[in-house]
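Peer 1: See query_35.txt below, with compact mmCIF, C-alpha atoms.
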# COMPACT_ATOMS: atom_id res chain seq x y z
CA MET A 29 0.00 0.00 0.00
CA ASN A 30 1.04 3.60 -0.54
CA SER A 31 1.09 6.47 1.92
CA PHE A 32 -2.02 8.47 2.82
CA GLU A 33 -1.05 11.13 0.28
CA GLU A 34 -0.85 8.57 -2.52
CA ILE A 35 -4.16 6.76 -2.06
CA ASN A 36 -7.27 8.00 -3.86
CA ILE A 37 -11.02 7.67 -3.57
CA GLY A 38 -12.01 4.92 -5.98
CA ASP A 39 -8.85 2.85 -5.46
CA THR A 40 -9.51 -0.89 -5.36
CA LEU A 41 -8.54 -3.41 -2.67
CA GLY A 42 -8.35 -6.96 -3.95
CA PRO A 43 -10.30 -8.81 -5.12
CA LEU A 44 -9.24 -11.63 -2.85
CA GLU A 45 -10.47 -15.10 -3.81
CA LEU A 46 -10.59 -17.63 -0.99
CA PHE A 47 -11.77 -21.20 -0.79
CA VAL A 48 -13.06 -21.94 2.72
CA SER A 49 -13.37 -25.64 3.48
CA LYS A 50 -15.62 -27.34 6.02
CA ASP A 51 -12.50 -28.48 7.88
CA GLN A 52 -11.32 -24.87 8.20
CA CYS A 53 -14.76 -23.89 9.42
CA ARG A 54 -14.75 -26.65 12.07
CA ALA A 55 -11.20 -25.74 13.11
CA TYR A 56 -12.24 -22.10 13.55
CA ALA A 57 -15.26 -23.10 15.66
CA ARG A 58 -13.06 -25.33 17.84
CA THR A 59 -10.35 -22.70 18.23
CA MET A 60 -12.91 -20.07 19.20
CA GLY A 61 -14.29 -22.38 21.87
CA MET A 62 -17.71 -22.75 20.26
CA GLY A 63 -19.18 -25.69 22.16
CA GLU A 64 -22.26 -27.86 21.91
CA GLY A 65 -24.43 -25.11 20.50
CA ALA A 66 -22.21 -24.65 17.47
CA GLY A 67 -23.53 -27.54 15.37
CA ARG A 68 -24.41 -25.23 12.53
CA PHE A 69 -20.68 -24.46 12.16
CA THR A 70 -19.46 -28.05 12.35
CA ASP A 71 -22.09 -30.42 11.02
CA ASP A 72 -24.37 -30.33 7.96
CA GLU A 73 -27.14 -32.37 9.59
CA ALA A 74 -27.26 -30.18 12.71
CA ALA A 75 -27.38 -27.09 10.48
CA ARG A 76 -30.25 -28.50 8.41
CA LYS A 77 -32.23 -29.18 11.59
CA GLU A 78 -32.06 -25.42 12.17
CA GLY A 79 -33.46 -24.75 8.71
CA LEU A 80 -30.10 -23.86 7.16
CA PRO A 81 -28.98 -25.29 3.82
CA GLY A 82 -25.98 -26.94 5.50
CA MET A 83 -22.99 -25.87 7.57
CA ILE A 84 -22.35 -22.16 7.68
CA ILE A 85 -19.27 -20.09 8.47
CA PRO A 86 -19.35 -18.28 11.86
CA GLY A 87 -20.00 -14.55 11.53
CA ASN A 88 -16.72 -13.72 13.26
CA MET A 89 -14.88 -15.84 10.71
CA SER A 90 -16.47 -13.84 7.87
CA LEU A 91 -15.50 -10.66 9.70
CA GLY A 92 -11.94 -11.97 9.92
CA LEU A 93 -11.86 -12.74 6.19
CA LEU A 94 -13.12 -9.26 5.33
CA SER A 95 -10.56 -7.65 7.61
CA LYS A 96 -7.85 -9.76 5.96
CA LEU A 97 -8.44 -7.88 2.73
CA VAL A 98 -7.80 -4.60 4.55
CA THR A 99 -4.84 -5.73 6.65
CA ASP A 100 -3.21 -7.38 3.61
CA TRP A 101 -3.59 -4.04 1.81
CA ILE A 102 -2.05 -2.19 4.77
CA GLY A 103 0.83 -4.66 4.83
CA SER A 104 3.86 -3.15 6.51
CA SER A 105 2.72 0.42 5.95
CA ASN A 106 2.50 2.88 8.77
CA ALA A 107 -1.26 2.53 9.14
CA TRP A 108 -3.76 0.41 11.07
CA LEU A 109 -7.31 -0.79 10.89
CA THR A 110 -9.21 1.16 13.56
CA ARG A 111 -12.85 0.18 12.88
CA MET A 112 -14.83 -2.40 11.01
CA SER A 113 -18.57 -2.97 10.78
CA THR A 114 -20.42 -5.75 9.00
CA THR A 115 -23.92 -6.65 7.87
CA TYR A 116 -24.67 -10.35 7.46
CA ARG A 117 -27.08 -10.55 4.54
CA VAL A 118 -26.92 -14.24 3.62
CA PRO A 119 -25.43 -17.24 5.49
CA VAL A 120 -21.97 -18.06 4.11
CA GLN A 121 -21.49 -21.75 3.35
CA PRO A 122 -18.10 -23.50 3.50
CA ASP A 123 -16.76 -25.58 0.61
CA HIS A 124 -17.31 -22.60 -1.65
CA THR A 125 -15.03 -19.97 -3.11
CA VAL A 126 -15.77 -16.48 -1.83
CA THR A 127 -14.43 -13.31 -3.37
CA ILE A 128 -13.77 -10.24 -1.23
CA HIS A 129 -13.86 -6.79 -2.79
CA GLY A 130 -12.92 -3.40 -1.43
CA PHE A 131 -12.97 0.24 -2.52
CA ILE A 132 -11.68 3.41 -0.90
CA THR A 133 -14.76 5.63 -0.68
CA ASN A 134 -13.55 8.60 1.36
CA LYS A 135 -10.37 10.29 2.61
CA ASN A 136 -10.22 12.64 5.55
CA PRO A 137 -6.97 14.67 5.66
CA GLU A 138 -7.84 16.11 9.10
CA ASP A 139 -7.45 12.81 10.92
CA ARG A 140 -5.58 11.03 8.12
CA THR A 141 -8.21 8.29 7.78
CA ALA A 142 -9.60 6.44 4.80
CA GLU A 143 -13.07 4.87 4.64
CA ILE A 144 -13.32 1.58 2.80
CA ASP A 145 -16.29 -0.46 1.55
CA VAL A 146 -15.77 -4.21 1.74
CA TRP A 147 -17.98 -7.14 0.80
CA MET A 148 -17.89 -10.88 0.29
CA GLU A 149 -19.49 -12.50 -2.74
CA ASN A 150 -20.22 -16.12 -3.63
CA GLU A 151 -19.58 -17.74 -7.01
CA GLU A 152 -22.76 -16.15 -8.43
CA SER A 153 -21.66 -12.62 -7.41
CA GLU A 154 -24.30 -12.48 -4.68
CA ARG A 155 -23.20 -10.21 -1.82
CA LEU A 156 -23.22 -12.31 1.35
CA VAL A 157 -21.56 -10.04 3.90
CA THR A 158 -21.00 -6.30 3.50
CA GLY A 159 -19.11 -3.87 5.65
CA THR A 160 -17.10 -0.72 6.03
CA ALA A 161 -13.67 -0.15 7.53
CA THR A 162 -11.65 2.82 8.70
CA VAL A 163 -7.88 2.86 8.28
CA GLU A 164 -5.80 5.48 10.07
CA PHE A 165 -2.40 6.53 8.73
CA ARG A 166 0.46 7.69 10.93
CA LYS A 167 2.56 10.61 9.73
CA MET B 24 -34.74 15.31 -22.22
CA SER B 25 -34.58 12.13 -20.17
CA THR B 26 -33.62 11.72 -16.52
CA ILE B 27 -32.01 8.72 -14.86
CA LEU B 28 -32.58 8.42 -11.11
CA ASP B 29 -31.55 5.82 -8.54
CA LEU B 30 -34.91 5.56 -6.75
CA HIS B 31 -33.80 3.44 -3.78
CA THR B 32 -30.84 4.45 -1.60
CA HIS B 33 -29.95 4.55 2.10
CA SER B 34 -27.60 7.05 3.70
CA GLU B 35 -26.16 7.03 7.22
CA ALA B 36 -29.58 8.24 8.41
CA SER B 37 -30.69 4.60 8.09
CA GLU B 38 -29.47 2.44 10.96
CA ASP B 39 -27.87 -0.15 8.67
CA SER B 40 -25.92 2.23 6.42
CA ARG B 41 -22.75 4.24 6.99
CA ALA B 42 -22.82 6.03 3.64
CA PRO B 43 -22.70 9.86 3.81
CA VAL B 44 -24.72 11.60 1.08
CA GLU B 45 -21.65 13.60 0.03
CA ALA B 46 -19.67 10.39 -0.48
CA TYR B 47 -22.50 9.01 -2.64
CA LEU B 48 -22.44 12.10 -4.86
CA ASN B 49 -18.66 12.02 -5.11
CA TRP B 50 -18.81 8.35 -6.13
CA ILE B 51 -21.43 9.11 -8.80
CA LYS B 52 -19.13 11.79 -10.20
CA LEU B 53 -16.22 9.33 -10.17
CA ARG B 54 -18.19 6.53 -11.85
CA GLN B 55 -20.26 8.67 -14.25
CA ALA B 56 -19.05 6.73 -17.31
CA GLU B 57 -20.26 3.39 -15.91
CA ARG B 58 -23.36 4.63 -14.05
CA PRO B 59 -24.64 7.75 -15.82
CA ILE B 60 -27.29 8.78 -13.30
CA ASP B 61 -28.63 12.29 -12.83
CA GLY B 62 -29.75 11.94 -9.26
CA ILE B 63 -30.67 9.82 -6.26
CA VAL B 64 -33.69 9.45 -4.04
CA LEU B 65 -32.90 8.84 -0.37
CA THR B 66 -35.36 6.26 0.95
CA GLU B 67 -34.37 5.91 4.59
CA HIS B 68 -35.85 3.03 6.55
CA ARG B 69 -39.08 3.78 8.45
CA GLN B 70 -38.59 7.53 8.59
CA PHE B 71 -38.83 10.76 6.67
CA ASN B 72 -36.61 13.69 7.53
CA ARG B 73 -38.51 16.68 6.25
CA ASP B 74 -35.82 19.15 7.37
CA ALA B 75 -32.85 17.58 5.59
CA ASP B 76 -31.40 20.01 3.05
CA TYR B 77 -28.93 18.81 0.44
CA ARG B 78 -29.02 21.82 -1.86
CA HIS B 79 -25.37 22.72 -1.19
CA LEU B 80 -24.34 19.20 -2.19
CA GLU B 81 -26.56 19.28 -5.28
CA ASP B 82 -24.82 22.51 -6.30
CA LYS B 83 -21.36 21.15 -5.53
CA PHE B 84 -21.77 17.92 -7.53
CA GLY B 85 -24.51 18.82 -10.02
CA THR B 86 -26.54 15.78 -8.94
CA LEU B 87 -30.19 15.83 -7.88
CA VAL B 88 -31.00 14.63 -4.34
CA LEU B 89 -34.64 13.91 -3.52
CA ARG B 90 -36.15 12.39 -0.39
CA ALA B 91 -38.70 9.60 0.08
CA SER B 92 -39.06 6.73 2.55
CA GLU B 93 -38.98 2.93 2.72
CA VAL B 94 -41.68 1.61 5.03
CA GLU B 95 -42.69 -1.87 6.14
CA THR B 96 -46.22 -3.13 5.48
CA THR B 97 -48.41 -6.19 5.69
CA TYR B 98 -47.33 -6.98 2.09
CA GLY B 99 -43.62 -6.27 2.47
CA HIS B 100 -41.41 -3.25 2.05
CA MET B 101 -42.61 -0.27 0.00
CA LEU B 102 -41.17 3.05 -1.14
CA VAL B 103 -43.28 6.13 -0.48
CA PHE B 104 -42.66 9.04 -2.86
CA GLY B 105 -44.02 12.54 -2.33
CA VAL B 106 -44.12 12.35 1.46
CA ASN B 107 -45.84 15.41 2.95
CA ASP B 108 -47.07 16.61 6.32
CA ASP B 109 -50.46 14.95 5.83
CA MET B 110 -48.85 11.54 5.33
CA VAL B 111 -46.51 11.96 8.30
CA ALA B 112 -49.51 12.86 10.46
CA ARG B 113 -51.62 9.99 9.10
CA PHE B 114 -49.06 7.18 9.36
CA ASP B 115 -46.47 6.10 11.89
CA PHE B 116 -43.60 5.39 9.51
CA ALA B 117 -41.82 3.41 12.24
CA ASP B 118 -44.69 0.89 12.38
CA VAL B 119 -43.44 -2.34 10.78
CA ARG B 120 -46.99 -3.62 10.08
CA LEU B 121 -48.57 -0.75 8.16
CA ASP B 122 -51.70 -1.86 6.29
CA ALA B 123 -50.50 -2.00 2.69
CA GLN B 124 -53.83 -1.28 0.99
CA ILE B 125 -54.64 1.67 3.25
CA LEU B 126 -51.13 3.05 2.72
CA ILE B 127 -51.38 2.80 -1.08
CA ASP B 128 -54.82 4.42 -1.21
CA GLU B 129 -54.20 7.11 1.36
CA VAL B 130 -50.81 8.14 -0.03
CA ALA B 131 -52.40 8.42 -3.50
CA ARG B 132 -55.22 10.52 -2.08
CA MET B 133 -52.68 12.80 -0.40
CA GLY B 134 -50.75 13.31 -3.62
CA GLY B 135 -47.99 10.70 -3.45
CA ILE B 136 -47.36 7.22 -4.77
CA VAL B 137 -46.32 3.91 -3.19
CA VAL B 138 -43.99 1.54 -5.05
CA PRO B 139 -43.42 -1.94 -3.56
CA CYS B 140 -39.67 -2.64 -3.57
CA HIS B 141 -37.69 -5.86 -4.13
CA PRO B 142 -40.98 -7.71 -4.69
CA GLY B 143 -39.16 -10.95 -5.48
CA ARG B 144 -37.35 -11.10 -2.13
CA PRO B 145 -38.46 -13.78 0.36
CA ASN B 146 -40.49 -12.61 3.39
CA ILE B 147 -40.40 -8.90 2.60
CA GLY B 148 -41.48 -8.91 -1.06
CA LEU B 149 -44.88 -8.70 -2.73
CA TYR B 150 -44.43 -11.93 -4.73
CA GLU B 151 -44.46 -14.19 -1.68
CA HIS B 152 -47.46 -12.41 -0.15
CA TYR B 153 -49.37 -12.78 -3.42
CA GLN B 154 -49.01 -16.58 -3.19
CA SER B 155 -51.33 -16.76 -0.20
CA ARG B 156 -53.31 -13.52 -0.12
CA PRO B 157 -55.43 -11.48 -2.53
CA PRO B 158 -53.59 -8.98 -4.73
CA LEU B 159 -53.55 -5.33 -3.72
CA GLN B 160 -55.56 -2.75 -5.62
CA ASN B 161 -54.22 0.43 -7.24
CA VAL B 162 -50.57 -0.61 -7.46
CA VAL B 163 -49.11 1.37 -10.38
CA ALA B 164 -45.48 0.26 -10.33
CA VAL B 165 -43.10 -2.08 -8.53
CA GLU B 166 -39.31 -2.20 -8.35
CA ALA B 167 -38.19 -4.59 -11.09
CA LEU B 168 -34.43 -4.28 -10.58
CA ASN B 169 -32.83 -4.05 -7.15
CA GLY B 170 -29.07 -3.75 -6.77
CA GLY B 171 -29.08 -6.09 -3.78
CA SER B 172 -31.09 -8.88 -5.38
CA ARG B 173 -29.95 -12.46 -5.01
CA LYS B 174 -30.26 -15.00 -7.80
CA GLY B 175 -33.93 -15.45 -8.77
CA GLU B 176 -35.30 -12.37 -7.02
CA ASP B 177 -35.38 -10.06 -10.05
CA GLU B 178 -36.81 -12.97 -12.06
CA ARG B 179 -39.71 -13.35 -9.61
CA SER B 180 -40.27 -9.59 -9.80
CA ALA B 181 -40.42 -9.83 -13.60
CA GLU B 182 -42.96 -12.62 -13.36
CA LEU B 183 -45.14 -10.50 -11.07
CA ILE B 184 -44.89 -7.50 -13.40
CA ALA B 185 -45.83 -9.59 -16.44
CA LYS B 186 -48.81 -11.11 -14.65
CA HIS B 187 -50.25 -7.90 -13.20
CA GLY B 188 -49.13 -5.35 -15.80
CA PHE B 189 -47.28 -3.10 -13.38
CA ALA B 190 -44.92 -0.37 -14.50
CA ALA B 191 -41.31 -1.17 -13.53
CA THR B 192 -38.65 0.84 -11.69
CA GLY B 193 -35.05 0.20 -10.67
CA GLY B 194 -32.95 1.20 -7.67
CA SER B 195 -29.63 0.21 -6.16
CA ASP B 196 -30.91 -0.23 -2.57
CA SER B 197 -27.42 0.92 -1.76
CA HIS B 198 -26.20 0.84 1.83
CA LEU B 199 -22.54 1.24 0.78
CA VAL B 200 -21.04 4.20 -1.05
CA SER B 201 -19.56 2.12 -3.86
CA LEU B 202 -22.87 0.43 -4.69
CA ILE B 203 -24.80 3.61 -5.53
CA GLY B 204 -26.40 3.73 -8.98
CA LEU B 205 -26.04 0.02 -9.80
CA CYS B 206 -29.71 -0.01 -10.82
CA ALA B 207 -31.84 3.01 -11.66
CA THR B 208 -34.92 4.23 -13.51
CA LYS B 209 -34.88 6.08 -16.82
CA PHE B 210 -37.68 8.60 -17.30
CA SER B 211 -38.40 10.16 -20.66
CA ALA B 212 -39.26 13.43 -18.90
CA TYR B 213 -37.00 15.97 -17.22
CA ILE B 214 -37.28 15.65 -13.44
CA LYS B 215 -36.10 18.33 -11.06
CA THR B 216 -38.40 18.08 -8.03
CA ILE B 217 -40.20 15.44 -5.99
CA ASP B 218 -43.48 16.65 -7.53
CA ASP B 219 -42.04 15.99 -11.00
CA LEU B 220 -41.02 12.51 -9.88
CA VAL B 221 -44.43 11.63 -8.40
CA ARG B 222 -46.18 12.90 -11.52
CA GLU B 223 -43.96 10.78 -13.78
CA LEU B 224 -44.19 7.67 -11.60
CA LYS B 225 -47.98 7.80 -11.97
CA THR B 226 -47.71 7.84 -15.79
CA GLY B 227 -45.76 4.57 -16.08
CA ASN B 228 -43.61 6.22 -18.73
CA TYR B 229 -40.20 4.92 -17.59
CA GLU B 230 -38.05 1.81 -17.51
CA PRO B 231 -35.54 0.19 -15.16
CA VAL B 232 -31.88 0.36 -16.17
CA ASP B 233 -29.15 -2.02 -15.04
CA PHE B 234 -25.57 -0.81 -14.54
CA ARG B 235 -24.37 -3.83 -12.57
CA PRO B 236 -21.03 -5.10 -13.85
CA ARG B 237 -21.07 -8.50 -15.54
CA ARG B 238 -18.48 -10.50 -13.64
CA LYS B 239 -17.22 -13.88 -14.68
CA THR B 240 -18.70 -16.64 -12.57
CA VAL B 241 -16.22 -18.25 -10.19
CA PRO B 242 -16.15 -22.04 -10.71
CA HIS B 243 -17.44 -24.14 -7.82
CA ALA B 244 -14.55 -25.96 -6.18
CA VAL B 245 -14.81 -29.38 -4.58
CA ALA B 246 -13.26 -30.01 -1.18
CA MET B 247 -12.19 -33.26 0.37
CA GLU B 248 -13.44 -33.78 3.89
CA THR B 249 -11.07 -35.14 6.49
CA ARG B 250 -13.43 -34.98 9.43
Would you kindly transcribe this structure into structure tokens?
Peer 2:
Amino acid sequence: MNSFEEINIGDTLGPLELFVSKDQCRAYARTMGMGEGAGRFTDDEAARKEGLPGMIIPGNMSLGLLSKLVTDWIGSSNAWLTRMSTTYRVPVQPDHTVTIHGFITNKNPEDRTAEIDVWMENEESERLVTGTATVEFRK
Amino acid sequence: MSTILDLHTHSEASEDSRAPVEAYLNWIKLRQAERPIDGIVLTEHRQFNRDADYRHLEDKFGTLVLRASEVETTYGHMLVFGVNDDMVARFDFADVRLDAQILIDEVARMGGIVVPCHPGRPNIGLYEHYQSRPPLQNVVAVEALNGGSRKGEDERSAELIAKHGFAATGGSDSHLVSLIGLCATKFSAYIKTIDDLVRELKTGNYEPVDFRPRRKTVPHAVAMETR
């Protein structure tokens, strides 16, 4: 990524294509200490009993994937992700490839922040999770 | 002279959007070649801010900003255009179970028009309600193209329009700055005020326009389970 002075409204982040497997989903649920009530994140049958189409990815995992787009873009630059918000529109299913897109939508020279739109799409370009992020740049 | 308007947008005044109006207008200016829209209509959820004034932004960016509302009814979500003091006094816009037929008839009587939005969407769209309940009377137009539609939703809307002969609009339903103007409505008339818009919506003399990018479909991968 460039410095604050070099980025522009309209600049693109990504896209980042990721395949998320059921094993990764289960591993995340285990690591996060999601216990007995987390069947929807670990087992297709348990998820279907809840009316879901099959296992789904935990919301926090989707949030982590969206933030990865931003933190990868920041890289080793002198900036940091200070805020992120998400809206969960559609359950995200594992064993699918998701694509994460981002755009810089605003720049505030007073506090040296950039506002970024981010969203996750499935293979059919349906937006599953949307969000916004704020990145602050040090001088 | 024609006018292209995004009839369905949400700014940070809606609880689920963080998009400032100024950022929307700046984005429209930036993306004018791909999304050549002349203006937007802010349709905030369950509210109408009669005191909001965007004239300085209209002047700065040369883009029209009009105000309407998206309300929730017994037949799903609907856009109310031409909101006035009489309507605000008559209806509690925050009520999530407004009677759809009364809303349509009363808003028309008071000089506005109601347009059901994303009719093909499950639970909150007209299509699903029409499967089990009688159709509404006096519906002039519905939203045919919605920028947030999932696969099949716009198709169900098209089916409804073909069956009932509704006029068709388009709107982005944008909650993010970068999604503004993805779908819009092209009017053959010149529109400058909310009264112009209401008058034209009642004529049916317009069509939805689609500026969504055509992306290549990502192939479905197959994973091996090691559970």
Peer 1: Between CA of Phe84 in chain B and CA of Gly135 in chain B, measure the distance and give it in Å to one decimal.
Peer 2: 27.5 Å
Peer 1: Do you have the CA of Gln160 in chain B-CA of Lys186 in chain B distance handy?
Peer 2: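 Spanning CA of Gln160 in chain B to CA of Lys186 in chain B is a straight-line distance of 14.0 Å.
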Peer 1: Which residue out of A:Thr59, A:Ser49, A:Asn106, A:Ser95 has the minimum interatomic distance to chain B when all atoms listed in the file are used?
Peer 2: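 Comparing A:Thr59, A:Ser49, A:Asn106, A:Ser95 against chain B, the winner is A:Ser49.
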Peer 1: At a cut-off of 12 Å, which residues of chain A touch chain B? Count only C-alpha atoms and give the answer as a PyMOL selection string.
Peer 2: chain A and resi 36-40+43+45-55+70-72+112-118+122-127+129-136+143-147+149-162
Peer 1: Need the shell around range 85-101 of chain B: protein/DNA/RNA residues with any atom at most 6 Å away, counting all atoms listed in the file. Skip same-chain ones fewer than 3 positions apart. Format as a list in words?
Peer 2: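 That gives Asp61, Gly62, Ile63, Val64, Leu65, Thr66, Glu67, His68, Arg69, Phe71, Glu81, Asp82, Phe104, Val119, Arg120, Leu121, Asp122, Ala123, Val138, Pro139, Cys140, Ile147, Gly148, Leu149 and His152 of chain B.
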Peer 1: Separation of CA of Asn169 in chain B and CA of His31 in chain B, in Å?
Peer 2: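 One can read the CA of Asn169 in chain B to CA of His31 in chain B distance as 8.3 Å.
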Peer 1: Could you check the closest approach to Leu41 in chain A for each of A:Ala66, A:Val98, A:Leu80, A:Ala57 and tell me which residue wins, using all atoms listed in the file?
Peer 2: A:Val98
